[in-house]
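Chemist: So I've got this file, structure_13.csv, and it contains CSV, C-alpha atoms and all ligand atoms:
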chain,number,residue,atom,x,y,z
A,1,MET,CA,32.9,70.3,66.6
A,2,ALA,CA,30.5,69.7,69.4
A,3,SER,CA,29.9,66.1,70.5
A,4,SER,CA,26.5,64.8,69.2
A,5,PHE,CA,24.6,62.1,71.0
A,6,THR,CA,21.4,60.2,70.1
A,7,SER,CA,19.8,57.6,72.2
A,8,ASN,CA,16.5,55.8,72.4
A,9,THR,CA,17.7,53.2,74.9
A,10,PRO,CA,15.0,52.4,77.4
A,11,LEU,CA,15.8,51.7,81.1
A,12,ASP,CA,16.6,48.0,81.4
A,13,PRO,CA,16.5,46.8,85.1
A,14,SER,CA,17.9,43.4,83.9
A,15,LEU,CA,21.3,45.2,83.3
A,16,TYR,CA,21.5,46.0,87.0
A,17,SER,CA,24.8,44.8,88.4
A,18,LEU,CA,26.9,46.6,91.1
A,19,ASP,CA,30.5,45.8,91.5
A,20,PRO,CA,31.3,44.5,95.1
A,21,ALA,CA,32.9,47.8,96.3
A,22,ALA,CA,30.0,49.9,95.1
A,23,ARG,CA,27.5,47.4,96.6
A,24,GLU,CA,29.3,47.5,100.0
A,25,PHE,CA,29.6,51.3,99.9
A,26,SER,CA,25.9,51.7,98.9
A,27,LYS,CA,24.9,49.5,101.8
A,28,GLN,CA,27.0,51.4,104.3
A,29,GLN,CA,25.7,54.7,103.1
A,30,THR,CA,22.0,53.8,102.9
A,31,GLY,CA,21.8,51.4,105.8
A,32,ILE,CA,20.1,48.9,103.5
A,33,THR,CA,21.5,45.4,104.2
A,34,GLU,CA,19.5,43.2,101.8
A,35,ASP,CA,20.7,43.0,98.1
A,36,ASP,CA,17.1,42.9,96.8
A,37,GLU,CA,16.1,45.9,98.7
A,38,LEU,CA,19.2,47.8,97.6
A,39,LYS,CA,18.5,46.9,94.0
A,40,HIS,CA,14.8,48.1,94.3
A,41,HIS,CA,16.0,51.4,95.9
A,42,ILE,CA,18.7,52.1,93.3
A,43,LEU,CA,16.3,51.3,90.4
A,44,ALA,CA,13.7,53.6,91.9
A,45,VAL,CA,16.2,56.5,92.0
A,46,GLN,CA,17.3,55.6,88.5
A,47,ALA,CA,13.7,56.0,87.3
A,48,LYS,CA,13.5,59.4,88.9
A,49,ALA,CA,16.8,60.5,87.4
A,50,PHE,CA,15.6,59.3,84.0
A,51,ALA,CA,12.4,61.3,84.4
A,52,VAL,CA,14.1,64.6,85.3
A,53,GLU,CA,16.5,64.4,82.4
A,54,SER,CA,15.9,66.8,79.6
A,55,TYR,CA,17.1,66.0,76.2
A,56,TYR,CA,20.1,68.3,76.6
A,57,ALA,CA,21.1,66.7,79.9
A,58,ALA,CA,20.5,63.3,78.6
A,59,ALA,CA,23.0,64.0,75.9
A,60,ARG,CA,25.4,65.1,78.6
A,61,THR,CA,25.2,62.2,81.1
A,62,SER,CA,25.6,58.5,81.0
A,63,ILE,CA,22.1,58.0,82.4
A,64,ARG,CA,20.5,57.5,79.0
A,65,LEU,CA,23.6,56.5,77.2
A,66,ARG,CA,23.9,53.5,79.5
A,67,PRO,CA,20.6,52.0,80.4
A,68,THR,CA,21.4,51.8,84.1
A,69,ILE,CA,22.9,54.2,86.6
A,70,VAL,CA,25.2,51.6,88.1
A,71,SER,CA,28.2,52.6,86.1
A,72,THR,CA,27.9,56.0,87.8
A,73,LEU,CA,28.0,54.3,91.2
A,74,SER,CA,31.2,52.5,90.6
A,75,LEU,CA,33.4,54.8,92.8
A,76,LYS,CA,36.0,55.5,90.1
A,77,ILE,CA,37.7,58.0,92.4
A,78,SER,CA,38.9,55.3,94.8
A,79,ARG,CA,40.7,53.4,92.0
A,80,HIS,CA,42.6,56.5,90.8
A,81,PRO,CA,46.3,56.1,91.4
A,82,LYS,CA,46.4,59.6,93.1
A,83,TYR,CA,43.5,58.9,95.4
A,84,GLN,CA,45.5,58.1,98.5
A,85,SER,CA,47.9,61.0,98.1
A,86,VAL,CA,44.9,63.3,97.6
A,87,LEU,CA,43.4,62.1,100.9
A,88,GLN,CA,46.7,62.8,102.5
A,89,LEU,CA,46.5,66.4,101.3
A,90,GLY,CA,43.2,66.7,103.2
A,91,ARG,CA,44.8,65.4,106.3
A,92,ASP,CA,48.0,67.6,106.0
A,93,TYR,CA,46.3,70.9,105.2
A,94,LYS,CA,43.6,72.1,107.4
A,95,GLU,CA,42.3,74.6,104.9
A,96,ALA,CA,42.5,72.3,101.8
A,97,LEU,CA,39.4,72.4,99.6
A,98,PHE,CA,38.2,69.6,97.3
A,99,LEU,CA,36.0,70.1,94.2
A,100,ASP,CA,34.2,67.4,92.2
A,101,LEU,CA,33.4,68.6,88.7
A,102,GLY,CA,30.4,66.9,87.1
A,103,CYS,CA,29.5,65.2,90.4
A,104,CYS,CA,26.1,63.7,89.3
A,105,PHE,CA,24.7,62.0,92.4
A,106,GLY,CA,27.8,62.8,94.5
A,107,ASN,CA,29.0,59.2,95.0
A,108,ASP,CA,32.7,60.0,94.5
A,109,VAL,CA,32.6,62.8,97.1
A,110,ARG,CA,30.8,60.6,99.5
A,111,LYS,CA,33.5,58.0,99.1
A,112,ALA,CA,36.2,60.6,99.7
A,113,VAL,CA,34.4,61.9,102.8
A,114,ALA,CA,33.9,58.3,104.1
A,115,ASP,CA,37.7,57.9,103.6
A,116,GLY,CA,38.5,61.0,105.6
A,117,TRP,CA,38.2,64.2,103.6
A,118,PRO,CA,36.3,66.7,105.8
A,119,VAL,CA,32.8,67.1,104.5
A,120,THR,CA,32.6,70.8,105.0
A,121,ARG,CA,35.7,71.3,102.9
A,122,MET,CA,34.1,69.4,100.0
A,123,ILE,CA,32.4,71.2,97.1
A,124,SER,CA,30.5,69.5,94.3
A,125,THR,CA,29.2,71.0,91.1
A,126,ASP,CA,27.0,69.8,88.3
A,127,ILE,CA,24.8,71.4,85.6
A,128,ARG,CA,21.8,69.6,87.2
A,129,GLN,CA,20.8,70.4,90.7
A,130,GLU,CA,18.2,67.5,90.5
A,131,LEU,CA,21.0,64.9,90.2
A,132,TRP,CA,22.6,66.2,93.4
A,133,ASP,CA,19.2,66.2,95.1
A,134,LEU,CA,18.6,62.7,94.0
A,135,GLY,CA,22.0,61.8,95.5
A,136,HIS,CA,20.4,62.6,98.9
A,137,VAL,CA,17.5,60.2,98.0
A,138,LEU,CA,19.9,57.6,96.7
A,139,PHE,CA,22.2,57.7,99.8
A,140,ARG,CA,19.4,58.4,102.3
A,141,SER,CA,21.1,61.6,103.5
A,142,THR,CA,19.9,65.2,103.9
A,143,PRO,CA,21.8,68.5,103.6
A,144,ALA,CA,22.1,68.4,107.4
A,145,SER,CA,23.4,64.8,107.7
A,146,PHE,CA,25.8,65.3,104.7
A,147,PRO,CA,26.7,69.0,104.9
A,148,SER,CA,29.0,69.1,101.9
A,149,HIS,CA,28.6,72.1,99.5
A,150,PHE,CA,27.0,72.0,96.1
A,151,ILE,CA,26.7,74.6,93.4
A,152,SER,CA,24.9,74.0,90.2
A,153,GLY,CA,26.1,75.6,87.0
A,154,ASN,CA,27.4,75.1,83.5
A,155,CYS,CA,31.2,74.6,83.6
A,156,LEU,CA,31.4,75.9,80.0
A,157,ASP,CA,29.7,79.2,80.9
A,158,PRO,CA,32.4,81.8,81.6
A,159,THR,CA,30.2,83.7,84.1
A,160,PHE,CA,30.3,80.4,86.1
A,161,LEU,CA,33.8,79.2,85.3
A,162,SER,CA,36.1,81.3,83.2
A,163,SER,CA,39.1,80.1,81.2
A,164,GLU,CA,40.4,83.6,80.8
A,165,PRO,CA,43.5,84.6,82.8
A,166,GLY,CA,42.6,86.6,85.9
A,167,PRO,CA,43.6,87.3,89.5
A,168,SER,CA,43.0,84.8,92.3
A,169,SER,CA,40.1,85.5,94.6
A,170,GLN,CA,41.3,87.7,97.5
A,171,SER,CA,39.6,85.9,100.3
A,172,LEU,CA,37.7,82.6,100.6
A,173,PRO,CA,34.0,83.2,100.0
A,174,ASP,CA,31.3,81.7,102.2
A,175,LEU,CA,31.1,78.2,100.7
A,176,SER,CA,27.5,77.8,101.7
A,177,SER,CA,26.4,80.7,99.5
A,178,LEU,CA,28.6,80.3,96.4
A,179,THR,CA,27.1,81.4,93.1
A,180,SER,CA,30.1,80.9,90.8
A,181,LEU,CA,33.2,78.7,90.7
A,182,ASN,CA,35.1,81.9,89.6
A,183,ASP,CA,35.0,82.9,93.3
A,184,LEU,CA,37.2,79.9,94.0
A,185,ARG,CA,40.0,80.9,91.6
A,186,GLY,CA,43.4,79.9,93.1
A,187,LYS,CA,41.7,78.4,96.2
A,188,LEU,CA,41.4,74.7,95.6
A,189,THR,CA,43.8,72.0,96.6
A,190,ALA,CA,42.3,69.1,94.7
A,191,ILE,CA,39.9,68.9,91.8
A,192,HIS,CA,38.4,65.6,90.6
A,193,ALA,CA,36.7,65.3,87.2
A,194,ALA,CA,35.5,61.9,86.1
A,195,SER,CA,33.7,61.2,82.8
A,196,ILE,CA,33.0,64.8,82.0
A,197,PHE,CA,35.7,66.2,79.7
A,198,HIS,CA,34.9,63.7,77.0
A,199,LEU,CA,31.3,65.2,76.8
A,200,PHE,CA,32.7,68.3,75.1
A,201,SER,CA,34.3,69.3,71.9
A,202,GLN,CA,38.1,69.6,71.3
A,203,GLU,CA,38.0,73.4,72.0
A,204,GLU,CA,35.7,73.1,74.9
A,205,GLN,CA,37.9,70.5,76.6
A,206,ALA,CA,41.0,72.7,76.1
A,207,SER,CA,39.2,75.8,77.5
A,208,LEU,CA,37.9,73.7,80.4
A,209,VAL,CA,41.5,72.6,81.3
A,210,ARG,CA,42.6,76.2,81.5
A,211,ALA,CA,39.5,77.1,83.6
A,212,VAL,CA,40.1,74.2,86.0
A,213,ALA,CA,43.8,75.0,86.2
A,214,SER,CA,42.9,78.5,87.3
A,215,LEU,CA,40.9,77.2,90.3
A,216,LEU,CA,43.9,75.4,91.8
A,217,SER,CA,45.9,76.9,94.5
A,218,PRO,CA,49.4,77.8,93.2
A,219,ALA,CA,51.0,75.8,96.1
A,220,PRO,CA,53.1,72.8,94.9
A,221,GLY,CA,51.1,69.6,95.2
A,222,SER,CA,47.7,71.1,94.3
A,223,ILE,CA,46.2,68.6,91.9
A,224,ALA,CA,43.6,68.0,89.3
A,225,PHE,CA,42.9,64.4,88.6
A,226,GLY,CA,40.3,62.2,87.0
A,227,SER,CA,39.4,59.9,84.1
A,228,HIS,CA,37.5,59.9,80.9
A,229,VAL,CA,37.4,58.5,77.4
A,230,GLY,CA,40.7,58.8,75.5
A,231,TYR,CA,42.1,57.3,72.4
A,232,PRO,CA,45.6,56.2,71.3
A,233,LYS,CA,45.7,59.0,68.7
A,234,GLN,CA,43.7,62.2,69.2
A,235,GLY,CA,40.7,62.7,67.0
A,236,THR,CA,37.0,62.2,66.7
A,237,ILE,CA,35.7,58.7,67.3
A,238,ARG,CA,32.2,57.3,66.8
A,239,TRP,CA,30.8,55.5,69.9
A,240,LYS,CA,28.1,52.9,69.3
A,241,GLY,CA,26.1,51.0,71.8
A,242,PRO,CA,22.6,49.5,72.1
A,243,GLY,CA,20.3,52.1,70.8
A,244,MET,CA,22.8,55.0,70.9
A,245,LYS,CA,25.6,56.5,69.0
A,246,ALA,CA,27.9,59.4,69.9
A,247,ASP,CA,30.7,61.3,68.2
A,248,LYS,CA,33.4,62.2,70.8
A,249,TYR,CA,36.6,64.1,70.4
A,250,CYS,CA,39.3,62.2,72.3
A,251,TYR,CA,42.7,63.5,73.3
A,252,ASP,CA,45.6,61.0,73.5
A,253,PRO,CA,47.8,61.1,76.6
A,254,GLU,CA,50.5,63.2,75.0
A,255,SER,CA,48.1,65.9,73.7
A,256,TRP,CA,46.1,65.8,77.0
A,257,ASN,CA,49.3,66.3,79.0
A,258,LYS,CA,50.3,69.2,76.8
A,259,LEU,CA,47.0,71.0,77.5
A,260,TRP,CA,47.9,71.0,81.2
A,261,GLU,CA,51.5,71.9,80.7
A,262,ASP,CA,50.4,74.9,78.6
A,263,ALA,CA,48.0,76.0,81.4
A,264,GLY,CA,50.6,76.2,84.2
A,265,PRO,CA,53.6,74.6,85.9
A,266,PHE,CA,52.1,71.1,86.0
A,267,LYS,CA,53.7,67.7,86.3
A,268,THR,CA,51.4,65.4,84.3
A,269,GLU,CA,50.8,61.7,84.6
A,270,THR,CA,48.4,60.1,82.1
A,271,ILE,CA,47.8,56.5,81.2
A,272,LEU,CA,45.5,54.9,78.7
A,273,LYS,CA,43.6,51.8,79.9
A,274,GLU,CA,41.9,49.4,77.5
A,275,VAL,CA,38.4,48.7,78.6
A,276,THR,CA,35.5,46.6,77.4
A,277,GLY,CA,32.4,48.6,76.7
A,278,PRO,CA,28.8,47.7,77.5
A,279,ASN,CA,28.4,46.2,74.0
A,280,GLY,CA,31.6,44.2,74.2
A,281,GLY,CA,33.6,46.6,72.1
A,282,ILE,CA,37.1,47.8,73.1
A,283,GLY,CA,37.5,51.4,74.3
A,284,TRP,CA,40.1,53.4,76.2
A,285,THR,CA,39.9,55.3,79.4
A,286,MET,CA,42.5,58.0,80.1
A,287,VAL,CA,43.4,58.1,83.8
A,288,TRP,CA,45.2,61.4,84.4
A,289,SER,CA,46.6,63.8,86.9
A,290,ALA,CA,48.1,67.3,86.7
A,291,THR,CA,50.0,68.4,89.8
A,292,ILE,CA,51.4,71.9,90.5
A,293,SER,CA,55.2,71.3,90.6
A,294,THR,CA,56.6,74.7,91.4
A,295,LYS,CA,55.1,77.8,93.2
A,296,SER,CA,53.9,80.1,90.6
A,297,ALA,CA,50.6,81.8,89.7
A,298,VAL,CA,48.6,79.6,87.4
B,1,LIG,C1,28.8,61.0,82.7
B,1,LIG,S1,28.4,61.9,84.1
B,1,LIG,C2,29.7,61.6,85.2
B,1,LIG,C3,29.3,61.6,86.6
B,1,LIG,C4,30.4,61.2,87.6
B,1,LIG,N1,31.4,62.2,87.6
B,1,LIG,C5,31.0,59.9,87.4
B,1,LIG,O1,32.1,59.8,87.0
B,1,LIG,O2,30.2,58.9,87.5
B,1,LIG,C6,28.7,63.6,83.6
B,1,LIG,C7,28.1,64.6,84.6
B,1,LIG,O3,28.5,65.8,84.1
B,1,LIG,C8,27.4,66.7,84.2
B,1,LIG,N2,27.5,67.8,83.2
B,1,LIG,C9,27.3,67.6,81.9
B,1,LIG,N3,27.6,68.8,81.3
B,1,LIG,C10,27.9,69.7,82.2
B,1,LIG,C11,28.3,71.0,82.2
B,1,LIG,N4,28.3,71.7,81.0
B,1,LIG,N5,28.6,71.7,83.3
B,1,LIG,C12,28.6,71.0,84.5
B,1,LIG,N6,28.2,69.7,84.6
B,1,LIG,C13,27.9,69.0,83.5
B,1,LIG,C14,26.2,65.8,84.0
B,1,LIG,O4,25.0,66.4,84.5
B,1,LIG,C15,26.6,64.5,84.7
B,1,LIG,O5,26.3,64.5,86.1
Using structure tokens, write down the structure that the file contains.
Modeler:
Amino acid sequence: MASSFTSNTPLDPSLYSLDPAAREFSKQQTGITEDDELKHHILAVQAKAFAVESYYAAARTSIRLRPTIVSTLSLKISRHPKYQSVLQLGRDYKEALFLDLGCCFGNDVRKAVADGWPVTRMISTDIRQELWDLGHVLFRSTPASFPSHFISGNCLDPTFLSSEPGPSSQSLPDLSSLTSLNDLRGKLTAIHAASIFHLFSQEEQASLVRAVASLLSPAPGSIAFGSHVGYPKQGTIRWKGPGMKADKYCYDPESWNKLWEDAGPFKTETILKEVTGPNGGIGWTMVWSATISTKSAV
């Protein structure tokens, strides 16, 4: 069953509210020092993002589901329990590559780069090139000033990212001319995926776990980590908010861990955190990681 979304929520600037860390980071990145100017700038980018969204993409991003983009700017990556050890991998291994799956504006990769991950060893991917381009507008950067790699594509399309078993890529392709994530098979040290798995059906999520696992280097310590909507007992839940509703398939920590353990020699750590949704309702976020524990081809 594919997730289905409907939304007629208009943009509502009165809902603008940045958490202190996101505000500070946005100021550092943009060079904007005044709160009012920052708000004006972010809302202007939000309006552009809203305008480029097609119905399909709207269904697949939080931009319409939540009437502001500020939830996307909240630097989830830096609150992940594995964040510091992932940054250490970037310091320890000169060749280590990082991928952010479903990067949207690229705020999480920008945070990791600001905290030390080398920008040229950072790869981001999203189905919408426009969102990445708007990230440059949002953070007042250019491909020259922020020379991280970006590749657009549908992570459910096997020609872009396959979940079928296959050999690792022989040599590292030129990252500046990547056309498919399949060329990175077995090459990545860290993969971050926030708020993307829950967009997909039960089967799509399972297949995407296998696909992401196949991109990781078989070296012990290689890690996939992230967060998305979960539930105490796996199944389909109905999400309701102002002007929108969504059916989502949610794994629970046990079934989510099993997907990874079936996909390779992974040590999994998953917790379910209770959160209060935008409409005051209770929800759950699954914060997870899957780390290669023994040297073996995945
Ligand atoms: C809810 S946003 C999450 C953005 C960011 N990772 C975060 O945590 O704030 C989901 C992102 O996944 C992207 N996306 C949706 N479907 C996708 C697909 N099939 N392949 C690649 N990216 C997709 C959307 O364009 C959007 O940027």
Chemist: Just want the 12 Å neighbourhood of A:Asp262, counted on all atoms listed in the file, with same-chain residues fewer than 2 positions away dropped. Output as a ChimeraX atom specification.
Modeler: /A:206-207,209-210,213,255-260,264-268,290,298
Chemist: When you count all atoms listed in the file, which of these residues is closest to A:Pro218: A:Leu181, A:Ile77, A:Ile292, A:Ala49?
Modeler: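 Among the listed residues, the smallest separation from A:Pro218 belongs to A:Ile292.
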Chemist: So that I can see what lies close to A:Thr30, please list as a list in words the residues with an atom at most 6 Å from it, counting only C-alpha atoms and leaving out residues fewer than 2 positions away in the same chain.
Modeler: Ser26, Lys27, Gln28, Ile32, Phe139 and Arg140 of chain A
Chemist: If I take atom CA of A:Val287 and atom CA of A:Asn107, how far is one from the other in Å, to one decimal?
Modeler: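 These two atoms are separated by 18.3 Å.
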Chemist: Between atom CA of A:Asp252 and atom CA of A:Gly102, measure the distance and give it in Å to one decimal.
Modeler: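 For atom CA of A:Asp252 relative to atom CA of A:Gly102, the distance reads 21.2 Å.
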Chemist: One number please: atom O4 of ligand LIG 1 (chain B) to atom CA of A:Gly226, in Å, one decimal.
Modeler: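 Taking atom O4 of ligand LIG 1 (chain B) as the start and atom CA of A:Gly226 as the end point, the length is 16.1 Å.
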Chemist: Tell me which protein, DNA and RNA residues are within 12 Å of stretch 169-175 of chain A, counting only C-alpha atoms, leaving out same-chain ones fewer than 4 positions away, and put them as a VMD selection string.
Modeler: chain A and resid 95 to 99 119 to 124 147 to 151 179 to 188 214 to 217
Chemist: Need the shell around A:Lys39: protein/DNA/RNA residues with any atom at most 12 Å away, counting all atoms listed in the file. Skip same-chain ones fewer than 6 positions apart. Format as a list in words?
Modeler: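 Selected residues are Pro13, Ser14, Leu15, Tyr16, Ser17, Leu18, Ala22, Arg23, Ser26, Lys27, Thr30, Ile32, Thr33, Val45, Gln46, Thr68, Ile69, Val70 and Leu138 of chain A.
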Chemist: Looking at A:Phe200, A:Phe105, A:Phe160, A:Trp132, which one is nearest to A:Asp247, with distances taken over only C-alpha atoms?
Modeler: A:Phe200
Chemist: Looking at A:Ser201, A:Thr189, A:Gln29, A:Ser227, which one is nearest to ligand LIG 1 (chain B), with distances taken over only C-alpha atoms and all ligand atoms?
Modeler: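 Smallest distance to ligand LIG 1 (chain B) is found for A:Ser227.
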Chemist: Nearest to ligand LIG 1 (chain B): which of A:Ala51, A:Val212, A:Leu75, A:Ile223 is it, counting all atoms listed in the file?
Modeler: A:Leu75
